[in-house]
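Source file: entry-v3.cif. Holds: mmCIF, C-alpha atoms and all ligand atoms.
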data_input
loop_
_atom_site.group_PDB
_atom_site.id
_atom_site.type_symbol
_atom_site.label_atom_id
_atom_site.label_comp_id
_atom_site.auth_asym_id
_atom_site.auth_seq_id
_atom_site.Cartn_x
_atom_site.Cartn_y
_atom_site.Cartn_z
ATOM 1 C CA MET A 2 13.718 14.846 -15.987
ATOM 2 C CA SER A 3 15.456 11.822 -14.542
ATOM 3 C CA ARG A 4 15.063 8.557 -16.408
ATOM 4 C CA VAL A 5 16.454 6.581 -13.506
ATOM 5 C CA VAL A 6 14.559 4.960 -10.667
ATOM 6 C CA ARG A 7 15.860 3.289 -7.554
ATOM 7 C CA VAL A 8 14.475 -0.151 -6.758
ATOM 8 C CA ALA A 9 15.144 -2.547 -3.882
ATOM 9 C CA ARG A 10 13.413 -5.670 -5.123
ATOM 10 C CA ALA A 11 10.989 -7.076 -7.666
ATOM 11 C CA GLY A 12 9.151 -10.363 -7.413
ATOM 12 C CA LEU A 13 5.924 -12.245 -6.885
ATOM 13 C CA HIS A 14 4.502 -11.270 -3.538
ATOM 14 C CA GLN A 15 1.924 -13.264 -1.584
ATOM 15 C CA TRP A 16 1.296 -10.817 1.217
ATOM 16 C CA GLU A 17 -1.198 -8.388 -0.234
ATOM 17 C CA GLU A 18 -4.985 -8.533 0.022
ATOM 18 C CA PRO A 19 -6.460 -11.765 -1.414
ATOM 19 C CA CYS A 20 -7.832 -9.901 -4.427
ATOM 20 C CA LEU A 21 -4.282 -8.864 -5.361
ATOM 21 C CA SER A 22 -2.120 -11.823 -4.362
ATOM 22 C CA GLY A 23 -4.473 -14.441 -5.767
ATOM 23 C CA THR A 24 -2.807 -17.802 -6.217
ATOM 24 C CA ARG A 25 0.282 -16.773 -8.174
ATOM 25 C CA GLY A 26 1.226 -13.587 -6.411
ATOM 26 C CA SER A 27 1.256 -9.872 -7.045
ATOM 27 C CA GLY A 28 4.132 -8.677 -9.242
ATOM 28 C CA THR A 29 5.607 -6.274 -6.760
ATOM 29 C CA VAL A 30 8.277 -3.660 -7.431
ATOM 30 C CA PHE A 31 9.609 -1.958 -4.279
ATOM 31 C CA PHE A 32 10.873 1.535 -5.060
ATOM 32 C CA SER A 33 13.408 3.106 -2.707
ATOM 33 C CA GLY A 34 12.756 6.394 -0.957
ATOM 34 C CA CYS A 35 9.488 7.966 0.103
ATOM 35 C CA ARG A 36 7.940 11.441 0.303
ATOM 36 C CA LEU A 37 6.990 10.790 3.928
ATOM 37 C CA ARG A 38 9.197 9.840 6.837
ATOM 38 C CA CYS A 39 6.809 8.051 9.140
ATOM 39 C CA ALA A 40 8.328 7.448 12.555
ATOM 40 C CA TYR A 41 7.074 3.867 12.593
ATOM 41 C CA CYS A 42 7.892 2.974 8.976
ATOM 42 C CA GLN A 43 8.350 -0.750 8.652
ATOM 43 C CA ASN A 44 10.355 -0.415 5.446
ATOM 44 C CA GLN A 45 12.902 2.062 6.799
ATOM 45 C CA GLU A 46 15.720 0.202 5.129
ATOM 46 C CA ILE A 47 14.489 1.376 1.747
ATOM 47 C CA SER A 48 12.173 4.290 2.505
ATOM 48 C CA ARG A 49 14.576 6.229 4.664
ATOM 49 C CA LEU A 50 18.015 4.683 4.231
ATOM 50 C CA GLY A 51 17.619 4.448 0.483
ATOM 51 C CA ARG A 52 18.806 0.909 0.022
ATOM 52 C CA GLY A 53 18.333 -0.003 -3.623
ATOM 53 C CA TRP A 54 19.751 -0.095 -7.114
ATOM 54 C CA ASN A 55 19.418 2.403 -9.942
ATOM 55 C CA LEU A 56 17.581 1.243 -13.039
ATOM 56 C CA GLU A 57 17.162 3.065 -16.340
ATOM 57 C CA VAL A 58 13.687 3.233 -17.824
ATOM 58 C CA PRO A 59 14.268 0.464 -20.428
ATOM 59 C CA ARG A 60 15.458 -1.955 -17.755
ATOM 60 C CA LEU A 61 12.495 -1.082 -15.544
ATOM 61 C CA ALA A 62 10.204 -1.897 -18.475
ATOM 62 C CA GLU A 63 11.939 -5.283 -18.767
ATOM 63 C CA VAL A 64 11.406 -5.922 -15.070
ATOM 64 C CA PHE A 65 7.695 -5.229 -15.591
ATOM 65 C CA ARG A 66 7.571 -7.692 -18.512
ATOM 66 C CA GLU A 67 9.472 -10.336 -16.551
ATOM 67 C CA LEU A 68 6.984 -10.172 -13.684
ATOM 68 C CA GLU A 69 4.135 -10.613 -16.125
ATOM 69 C CA GLU A 70 5.908 -13.596 -17.716
ATOM 70 C CA GLN A 71 6.324 -15.131 -14.268
ATOM 71 C CA GLY A 72 2.555 -15.165 -13.942
ATOM 72 C CA ALA A 73 1.914 -12.138 -11.757
ATOM 73 C CA HIS A 74 -1.753 -11.301 -11.427
ATOM 74 C CA ASN A 75 -0.903 -7.622 -11.501
ATOM 75 C CA LEU A 76 1.989 -5.176 -11.519
ATOM 76 C CA ASN A 77 2.198 -3.694 -8.038
ATOM 77 C CA LEU A 78 4.229 -0.467 -7.809
ATOM 78 C CA VAL A 79 5.091 0.137 -4.161
ATOM 79 C CA THR A 80 5.893 3.722 -3.120
ATOM 80 C CA PRO A 81 6.055 4.940 -6.725
ATOM 81 C CA THR A 82 5.076 8.605 -6.310
ATOM 82 C CA HIS A 83 8.504 10.254 -6.433
ATOM 83 C CA PHE A 84 9.376 8.277 -9.597
ATOM 84 C CA ALA A 85 6.102 8.926 -11.399
ATOM 85 C CA GLN A 86 7.571 10.177 -14.681
ATOM 86 C CA PRO A 87 10.108 7.392 -15.363
ATOM 87 C CA ILE A 88 7.534 4.819 -14.245
ATOM 88 C CA LEU A 89 5.037 6.202 -16.754
ATOM 89 C CA GLU A 90 7.692 5.942 -19.451
ATOM 90 C CA ALA A 91 8.509 2.352 -18.497
ATOM 91 C CA LEU A 92 4.819 1.418 -18.504
ATOM 92 C CA ALA A 93 4.484 2.913 -21.972
ATOM 93 C CA LEU A 94 7.392 0.746 -23.133
ATOM 94 C CA ALA A 95 6.219 -2.426 -21.416
ATOM 95 C CA SER A 96 2.488 -2.155 -22.205
ATOM 96 C CA PRO A 97 1.566 -4.670 -19.507
ATOM 97 C CA GLY A 98 -1.398 -6.931 -20.134
ATOM 98 C CA ILE A 99 -2.174 -7.213 -16.433
ATOM 99 C CA PRO A 100 -3.628 -4.556 -14.111
ATOM 100 C CA VAL A 101 -1.215 -1.909 -12.870
ATOM 101 C CA VAL A 102 -1.475 -1.133 -9.145
ATOM 102 C CA TRP A 103 -0.381 2.246 -7.757
ATOM 103 C CA ASN A 104 0.442 1.337 -4.154
ATOM 104 C CA SER A 105 1.092 4.615 -2.381
ATOM 105 C CA SER A 106 1.001 6.598 0.844
ATOM 106 C CA GLY A 107 -1.995 8.640 -0.283
ATOM 107 C CA TYR A 108 0.000 11.848 0.199
ATOM 108 C CA GLU A 109 -0.131 12.897 -3.421
ATOM 109 C CA PRO A 110 -1.373 15.986 -5.240
ATOM 110 C CA VAL A 111 -4.452 15.487 -7.379
ATOM 111 C CA ASP A 112 -2.641 16.607 -10.525
ATOM 112 C CA LEU A 113 -0.200 13.732 -10.076
ATOM 113 C CA VAL A 114 -3.114 11.335 -9.643
ATOM 114 C CA ALA A 115 -4.598 12.648 -12.871
ATOM 115 C CA ARG A 116 -1.258 12.290 -14.656
ATOM 116 C CA VAL A 117 -0.751 8.646 -13.769
ATOM 117 C CA ALA A 118 -4.401 7.571 -13.978
ATOM 118 C CA SER A 119 -4.300 6.742 -17.678
ATOM 119 C CA ARG A 120 -1.709 4.015 -17.020
ATOM 120 C CA VAL A 121 -3.058 2.791 -13.679
ATOM 121 C CA ASP A 122 -5.925 0.328 -13.229
ATOM 122 C CA ILE A 123 -5.929 0.031 -9.456
ATOM 123 C CA PHE A 124 -5.121 2.671 -6.884
ATOM 124 C CA LEU A 125 -4.099 1.260 -3.512
ATOM 125 C CA PRO A 126 -3.553 4.308 -1.292
ATOM 126 C CA ASP A 127 -3.106 4.429 2.437
ATOM 127 C CA PHE A 128 -5.319 6.678 4.454
ATOM 128 C CA LYS A 129 -3.016 6.955 7.448
ATOM 129 C CA TYR A 130 -4.421 9.916 9.286
ATOM 130 C CA ALA A 131 -7.762 11.639 9.409
ATOM 131 C CA LEU A 132 -6.558 13.964 12.170
ATOM 132 C CA PRO A 133 -3.810 16.559 11.746
ATOM 133 C CA GLY A 134 -2.351 15.824 15.193
ATOM 134 C CA PRO A 135 -1.038 12.328 14.495
ATOM 135 C CA ALA A 136 -0.188 13.334 10.927
ATOM 136 C CA ALA A 137 2.113 16.031 12.278
ATOM 137 C CA ARG A 138 3.443 13.917 15.112
ATOM 138 C CA TYR A 139 4.299 10.755 13.190
ATOM 139 C CA SER A 140 4.914 11.969 9.638
ATOM 140 C CA ALA A 141 5.602 15.711 9.972
ATOM 141 C CA ARG A 142 2.769 16.376 7.534
ATOM 142 C CA GLU A 143 -0.043 18.157 9.297
ATOM 143 C CA ASP A 144 -1.846 18.547 5.981
ATOM 144 C CA TYR A 145 -1.855 14.805 5.301
ATOM 145 C CA PRO A 146 -5.628 14.398 5.967
ATOM 146 C CA GLU A 147 -6.737 17.004 3.440
ATOM 147 C CA VAL A 148 -4.129 16.060 0.834
ATOM 148 C CA ALA A 149 -4.904 12.336 1.088
ATOM 149 C CA GLN A 150 -8.674 12.842 1.094
ATOM 150 C CA ALA A 151 -8.466 14.853 -2.116
ATOM 151 C CA ALA A 152 -6.120 12.289 -3.676
ATOM 152 C CA ILE A 153 -8.353 9.351 -2.737
ATOM 153 C CA LEU A 154 -11.427 11.053 -4.179
ATOM 154 C CA ALA A 155 -9.513 11.743 -7.394
ATOM 155 C CA MET A 156 -8.347 8.121 -7.533
ATOM 156 C CA ARG A 157 -11.861 6.797 -7.018
ATOM 157 C CA GLN A 158 -13.187 9.132 -9.668
ATOM 158 C CA ALA A 159 -10.514 7.938 -12.095
ATOM 159 C CA THR A 160 -11.066 4.209 -11.618
ATOM 160 C CA GLY A 161 -14.778 3.989 -10.926
ATOM 161 C CA PRO A 162 -16.094 1.236 -8.646
ATOM 162 C CA ALA A 163 -14.084 -1.876 -7.893
ATOM 163 C CA LEU A 164 -14.362 -4.539 -10.552
ATOM 164 C CA PHE A 165 -13.433 -8.141 -9.794
ATOM 165 C CA ASP A 166 -13.085 -11.156 -12.071
ATOM 166 C CA GLU A 167 -14.869 -14.434 -11.477
ATOM 167 C CA GLU A 168 -12.034 -15.621 -9.227
ATOM 168 C CA GLY A 169 -12.214 -12.562 -6.989
ATOM 169 C CA LEU A 170 -9.148 -10.850 -8.392
ATOM 170 C CA LEU A 171 -9.341 -7.095 -8.621
ATOM 171 C CA LEU A 172 -9.197 -5.816 -12.175
ATOM 172 C CA ARG A 173 -9.896 -2.144 -11.583
ATOM 173 C CA GLY A 174 -10.801 0.185 -8.751
ATOM 174 C CA THR A 175 -9.560 1.965 -5.669
ATOM 175 C CA VAL A 176 -8.904 0.131 -2.405
ATOM 176 C CA VAL A 177 -7.975 2.244 0.608
ATOM 177 C CA ARG A 178 -5.773 0.873 3.388
ATOM 178 C CA HIS A 179 -5.793 2.066 6.958
ATOM 179 C CA LEU A 180 -3.233 0.862 9.475
ATOM 180 C CA VAL A 181 -4.577 0.977 13.014
ATOM 181 C CA LEU A 182 -1.913 2.509 15.255
ATOM 182 C CA PRO A 183 -1.755 1.695 18.969
ATOM 183 C CA GLY A 184 -3.132 4.398 21.229
ATOM 184 C CA ASN A 185 -4.750 6.195 18.297
ATOM 185 C CA LEU A 186 -8.349 5.029 18.286
ATOM 186 C CA PRO A 187 -9.743 8.544 17.606
ATOM 187 C CA ASN A 188 -7.665 8.709 14.441
ATOM 188 C CA THR A 189 -8.965 5.358 13.231
ATOM 189 C CA LEU A 190 -12.574 6.273 13.987
ATOM 190 C CA ALA A 191 -12.162 9.556 12.142
ATOM 191 C CA ALA A 192 -10.590 7.664 9.237
ATOM 192 C CA LEU A 193 -13.573 5.302 9.101
ATOM 193 C CA ASP A 194 -15.871 8.340 9.166
ATOM 194 C CA PHE A 195 -14.231 9.609 6.000
ATOM 195 C CA LEU A 196 -13.983 6.232 4.300
ATOM 196 C CA ALA A 197 -17.697 5.672 4.854
ATOM 197 C CA THR A 198 -18.419 8.772 2.768
ATOM 198 C CA LEU A 199 -16.698 7.370 -0.314
ATOM 199 C CA PRO A 200 -18.899 6.150 -3.142
ATOM 200 C CA THR A 201 -20.108 2.553 -3.013
ATOM 201 C CA GLY A 202 -17.546 0.294 -4.598
ATOM 202 C CA THR A 203 -14.525 1.649 -2.736
ATOM 203 C CA PRO A 204 -13.323 -1.252 -0.567
ATOM 204 C CA VAL A 205 -11.361 -0.610 2.588
ATOM 205 C CA SER A 206 -8.531 -2.744 3.952
ATOM 206 C CA LEU A 207 -8.228 -2.389 7.706
ATOM 207 C CA MET A 208 -4.801 -3.483 8.903
ATOM 208 C CA ALA A 209 -3.844 -4.651 12.379
ATOM 209 C CA GLN A 210 -0.271 -5.567 11.602
ATOM 210 C CA TYR A 211 1.491 -2.695 13.348
ATOM 211 C CA THR A 212 4.748 -3.780 14.983
ATOM 212 C CA PRO A 213 7.261 -1.412 16.625
ATOM 213 C CA VAL A 214 10.316 -0.926 14.436
ATOM 214 C CA GLY A 215 13.334 1.320 14.688
ATOM 215 C CA ASP A 216 14.015 4.177 17.055
ATOM 216 C CA LEU A 217 10.728 5.158 18.676
ATOM 217 C CA ALA A 218 12.295 6.995 21.590
ATOM 218 C CA GLY A 219 10.054 10.010 21.112
ATOM 219 C CA PHE A 220 6.920 7.937 20.630
ATOM 220 C CA PRO A 221 6.316 5.769 23.683
ATOM 221 C CA GLU A 222 2.757 5.016 22.579
ATOM 222 C CA LEU A 223 4.077 3.292 19.473
ATOM 223 C CA LYS A 224 6.403 0.931 21.314
ATOM 224 C CA ARG A 225 3.842 -1.819 21.485
ATOM 225 C CA ALA A 226 1.568 -3.748 19.170
ATOM 226 C CA LEU A 227 -2.183 -3.273 19.203
ATOM 227 C CA THR A 228 -3.957 -4.946 22.078
ATOM 228 C CA SER A 229 -6.846 -7.247 21.342
ATOM 229 C CA ALA A 230 -9.173 -4.976 23.356
ATOM 230 C CA GLU A 231 -8.092 -2.006 21.280
ATOM 231 C CA TYR A 232 -8.617 -3.787 17.999
ATOM 232 C CA GLU A 233 -11.917 -5.199 19.180
ATOM 233 C CA LYS A 234 -13.157 -1.640 19.684
ATOM 234 C CA VAL A 235 -12.221 -0.840 16.120
ATOM 235 C CA LEU A 236 -14.026 -3.885 14.804
ATOM 236 C CA GLU A 237 -17.106 -3.082 16.909
ATOM 237 C CA SER A 238 -17.106 0.424 15.488
ATOM 238 C CA LEU A 239 -17.578 -1.036 12.014
ATOM 239 C CA ASP A 240 -21.207 -1.604 12.964
ATOM 240 C CA GLU A 241 -21.610 2.153 12.744
ATOM 241 C CA PHE A 242 -20.544 2.034 9.108
ATOM 242 C CA PRO A 243 -22.833 -0.577 7.551
ATOM 243 C CA ASP A 244 -21.971 0.422 4.006
ATOM 244 C CA LEU A 245 -18.230 -0.109 4.360
ATOM 245 C CA ASP A 246 -16.968 -3.032 2.335
ATOM 246 C CA GLY A 247 -13.536 -4.585 2.137
ATOM 247 C CA TRP A 248 -11.261 -6.611 4.382
ATOM 248 C CA VAL A 249 -10.192 -6.688 8.002
ATOM 249 C CA GLN A 250 -6.920 -8.231 9.048
ATOM 250 C CA ASP A 251 -6.919 -10.763 11.846
ATOM 251 C CA LEU A 252 -4.931 -9.436 14.790
ATOM 252 C CA GLN A 253 -3.319 -12.845 15.110
ATOM 253 C CA SER A 254 -1.781 -12.427 11.694
ATOM 254 C CA ALA A 255 0.597 -9.937 13.264
ATOM 255 C CA ASP A 256 2.556 -12.992 14.389
ATOM 256 C CA ALA A 257 3.199 -14.073 10.833
ATOM 257 C CA ARG A 258 5.799 -11.409 10.276
ATOM 258 C CA PHE A 259 7.446 -11.314 6.971
ATOM 259 C CA ILE A 260 9.161 -8.720 4.906
ATOM 260 C CA PRO A 261 10.987 -9.519 1.711
ATOM 261 C CA ALA A 262 14.730 -9.155 1.593
ATOM 262 C CA PHE A 263 15.598 -5.899 -0.112
ATOM 263 C CA ASP A 264 18.487 -7.522 -1.914
ATOM 264 C CA GLY A 265 17.949 -6.552 -5.526
ATOM 265 C CA SER A 266 16.072 -9.746 -6.304
ATOM 266 C CA GLY A 267 14.348 -9.632 -9.641
ATOM 267 C CA LEU A 268 16.376 -6.718 -10.949
ATOM 268 C CA GLY A 269 18.954 -8.651 -12.940
ATOM 269 C CA ASP A 270 22.689 -8.163 -12.518
ATOM 270 C CA VAL A 271 22.706 -5.385 -9.960
ATOM 271 C CA GLY A 272 26.003 -6.312 -8.390
ATOM 272 C CA PRO A 273 26.666 -7.437 -4.878
ATOM 273 C CA GLY A 274 24.527 -6.104 -2.126
ATOM 274 C CA THR A 275 24.653 -6.515 1.549
ATOM 275 C CA SER A 276 22.289 -9.058 2.913
ATOM 276 C CA GLY A 277 18.662 -8.220 2.672
ATOM 277 C CA ALA A 278 18.050 -8.275 6.356
ATOM 278 C CA SER A 279 14.542 -9.049 7.383
ATOM 279 C CA LEU A 280 12.801 -6.494 9.503
ATOM 280 C CA PRO A 281 9.889 -7.417 11.645
ATOM 281 C CA GLY A 282 6.630 -5.858 10.900
ATOM 282 C CA ALA A 283 5.335 -6.423 7.413
ATOM 283 C CA VAL A 284 2.616 -8.922 7.726
ATOM 284 C CA GLY A 285 0.623 -10.789 5.200
ATOM 285 C CA ARG A 286 -2.742 -9.384 4.319
ATOM 286 C CA GLN A 287 -3.536 -12.585 2.478
ATOM 287 C CA GLY A 288 -5.331 -13.845 5.564
ATOM 288 C CA ALA A 289 -7.499 -10.767 5.784
ATOM 289 C CA GLU A 290 -11.175 -11.545 6.035
ATOM 290 C CA ARG A 291 -13.864 -9.913 4.047
ATOM 291 C CA ILE A 292 -16.126 -7.499 5.884
ATOM 292 C CA THR A 293 -19.001 -9.843 5.393
ATOM 293 C CA ARG A 294 -22.060 -7.920 6.446
ATOM 294 C CA ALA A 295 -21.551 -5.105 4.038
ATOM 295 C CA VAL A 296 -23.048 -4.971 0.614
ATOM 296 C CA GLY A 297 -20.608 -3.823 -1.953
ATOM 297 C CA PRO A 298 -18.414 -4.727 -4.865
ATOM 298 C CA GLY A 299 -16.828 -8.059 -5.327
ATOM 299 C CA PRO A 300 -17.518 -11.450 -6.752
ATOM 300 C CA ALA A 301 -20.926 -12.878 -6.084
HETATM 301 S S1 LIG B 401 4.533 6.378 3.665
HETATM 302 FE FE1 LIG B 401 4.900 4.180 4.018
HETATM 303 S S2 LIG B 401 6.930 3.787 3.093
HETATM 304 FE FE2 LIG B 401 6.738 6.007 3.360
HETATM 305 S S3 LIG B 401 7.716 6.438 5.345
HETATM 306 FE FE3 LIG B 401 5.486 6.206 5.691
HETATM 307 S S4 LIG B 401 5.207 4.052 6.240
HETATM 308 FE FE4 LIG B 401 7.249 4.237 5.274
#
Can you dump the structure from the file as structure tokens?
Amino acid sequence: MSRVVRVARAGLHQWEEPCLSGTRGSGTVFFSGCRLRCAYCQNQEISRLGRGWNLEVPRLAEVFRELEEQGAHNLNLVTPTHFAQPILEALALASPGIPVVWNSSGYEPVDLVARVASRVDIFLPDFKYALPGPAARYSAREDYPEVAQAAILAMRQATGPALFDEEGLLLRGTVVRHLVLPGNLPNTLAALDFLATLPTGTPVSLMAQYTPVGDLAGFPELKRALTSAEYEKVLESLDEFPDLDGWVQDLQSADARFIPAFDGSGLGDVGPGTSGASLPGAVGRQGAERITRAVGPGPA
């Protein structure tokens, strides 16, 4: 079993949901590589091209401790699934005193969820596709809906309902993200249908930040951002799901594009790297607004 992980960056990150970024930032570790190859991936530089630096387990544990010492509200492991075992070992070494966030694609077997659950406080999975058509078309994983649904249910069962502190920071729970893709309203509505069946206390983060990135020659429908009319339909549809709680991202926030430089920051002496070029597309979720009319978990 490999005791090496590949990481592109570690640091305090302000661009997650308000309950994760807080005032000091989420202690984010960006792992390189991914089990999916989404056509529209906004982190292609690391997910597909593998930009990153190899770290042994003891050094990864130090990186975790350093983020905590810097004041991170939580330890946010981004795309961790394919490095589950060495990450578990590093967490055992570091014993973090802040919540550990498993920030993943949702395409994970339930036995892996069970394996990592003892060291994870917060699951932050995507639910990208509720329909096999777009799952096959964009990520070559027709079985994504059933795999992710099972994983999300296992995550929710492991964490219980969302628990926030008095400042609104998430301490424990499962928050499910859904990125609204242009021209794919049926997929989003089907995703909301599923998310509405989850037990109370499972917040949803609806994201409008999609921006075309990379070679989308075979996907003309993805060569544009969401229109306001399109997103408005999604927001109107929330009325059909009165029990959904969570956050919705302002479409305007898609202008505030920011992605961290994947330059080895926060990893120590990793040697020279090429410049961490910024890619358009990753947008802050810090400005996301609470779905206000729903009753659910969260600070009073
Ligand atoms: S799951 Fe996320 S990181 Fe992986 S390829 Fe898809 S969009 Fe990129």
Practice item. For region 227-241 of chain A, list every protein, DNA or RNA residue within 10 Å, evaluated using all atoms listed in the file, and leave out those in the same chain fewer than 6 positions away; present the list as a list in words. Key: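 My list of contacting residues is Val181, Leu182, Pro183, Gly184, Asn185, Leu186, Pro187, Thr189, Leu190, Leu193, Asp194, Ala197, Leu207, Met208, Ala209, Gln210, Tyr211, Thr212, Pro213, Val249, Asp251, Leu252, Gln253, Ala255, Ile292, Arg294 and Ala295 of chain A.
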Please produce, as CSV, a per-residue contact table for region 37-71 of chain A versus region 96-118 of chain A (criterion: any atom at most 9 Å away, all atoms listed in the file considered), showing the nearest atom pair and its distance in Å to one decimal, sorted by chain then residue number.
residue,atom,partner,partner_atom,distance
A:Leu37,CA,A:Ser106,CA,7.9
A:Ala62,CA,A:Ser96,CA,8.6
A:Phe65,CA,A:Pro97,CA,7.3
A:Arg66,CA,A:Pro97,CA,6.8
A:Glu69,CA,A:Ile99,CA,7.2
Exercise for review: Enumerate as a list in words the residues within 8 Å of ligand LIG 401 (chain B), counting all atoms listed in the file.
Suggested key: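 Going residue by residue within 8 Å of ligand LIG 401 (chain B), we get Gly34, Cys35, Arg36, Leu37, Arg38, Cys39, Ala40, Tyr41, Cys42, Gln43, Asn44, Gln45, Ser48, Arg49, Thr80, Ser105, Ser106, Gly107, Tyr108, Asp127 and Ser140 of chain A.
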Exercise for review: Go ahead and compute the interatomic distance for CA of Arg7 (chain A) and CA of Ser33 (chain A), in Å to one decimal.
Suggested key: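 Computing the Euclidean distance for CA of Arg7 (chain A) and CA of Ser33 (chain A) yields 5.4 Å.
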**Study point:** Point-to-point distance from CA of Val30 (chain A) to CA of Ile153 (chain A), Å rounded to tenths
**Key:** 21.6 Å
Review point. For the file shown, what are the residues hit by the PyMOL selection byres (((chain A and resi 6) around 8) and not hetatm), laid out as number ranges by chain?
Key: A: 3-5, 7-8, 32, 55-58, 84, 87-88
Review point. What is the CA of Ala159 (chain A)-CA of Leu132 (chain A) distance in Å, reported with one decimal?
Key: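 Between these atoms lies a distance of 25.3 Å.
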Exercise for review: Can you turn the PyMOL selection byres (((chain A and resi 162) around 10) and not hetatm) into a concrete residue list for this file, as a list in words?
Suggested key: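 Evaluating the PyMOL selection byres (((chain A and resi 162) around 10) and not hetatm) on this file yields Arg157, Gln158, Ala159, Thr160, Gly161, Ala163, Leu164, Phe165, Arg173, Gly174, Thr175, Val176, Pro200, Thr201, Gly202, Thr203, Pro204, Gly297, Pro298 and Gly299 of chain A.
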**Study point:** Residues matched by the PyMOL selection byres (((chain A and resi 263) around 7) and not hetatm), written as number ranges by chain
**Key:** A: 9-10, 261-262, 264-265, 277
Centre and size of axis-aligned box enclosing region 28-42 of chain A plus 8 Å each side, as AutoDock Vina command-line options:
--center_x 8.8 --center_y 1.4 --center_z 1.7 --size_x 25.3 --size_y 36.1 --size_z 37.8
Point to revise | Residue among A:Gly169, A:Pro59, A:Gly219, A:Gly267 lying closest to Phe31 (chain A), counting all atoms listed in the file | key: A:Gly267
Exercise for review: Find the residue from A:Pro126, A:Pro243, A:Gly134, A:Gly28 that sits nearest to Trp16 (chain A); use all atoms listed in the file when measuring.
Suggested key: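 Of A:Pro126, A:Pro243, A:Gly134, A:Gly28, the one nearest Trp16 (chain A), counting all atoms listed in the file, is A:Gly28.
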Review point. Of the candidates A:Ser266, A:Leu196, A:Val177, A:Arg120, which one gets nearest to Leu13 (chain A) if we count all atoms listed in the file?
Key: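 So, comparing all the options, the nearest one is A:Ser266.
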Check your understanding: When distances are computed from all atoms listed in the file, which of A:Ala226, A:Val121, A:Ala11, A:Ala152 shows the smallest separation from Glu67 (chain A)?
Key -> A:Ala11
Check your understanding: A:Val64, A:Arg25, A:Gln150, A:His83: which is nearest Thr198 (chain A), counting only C-alpha atoms?
Key -> A:Gln150
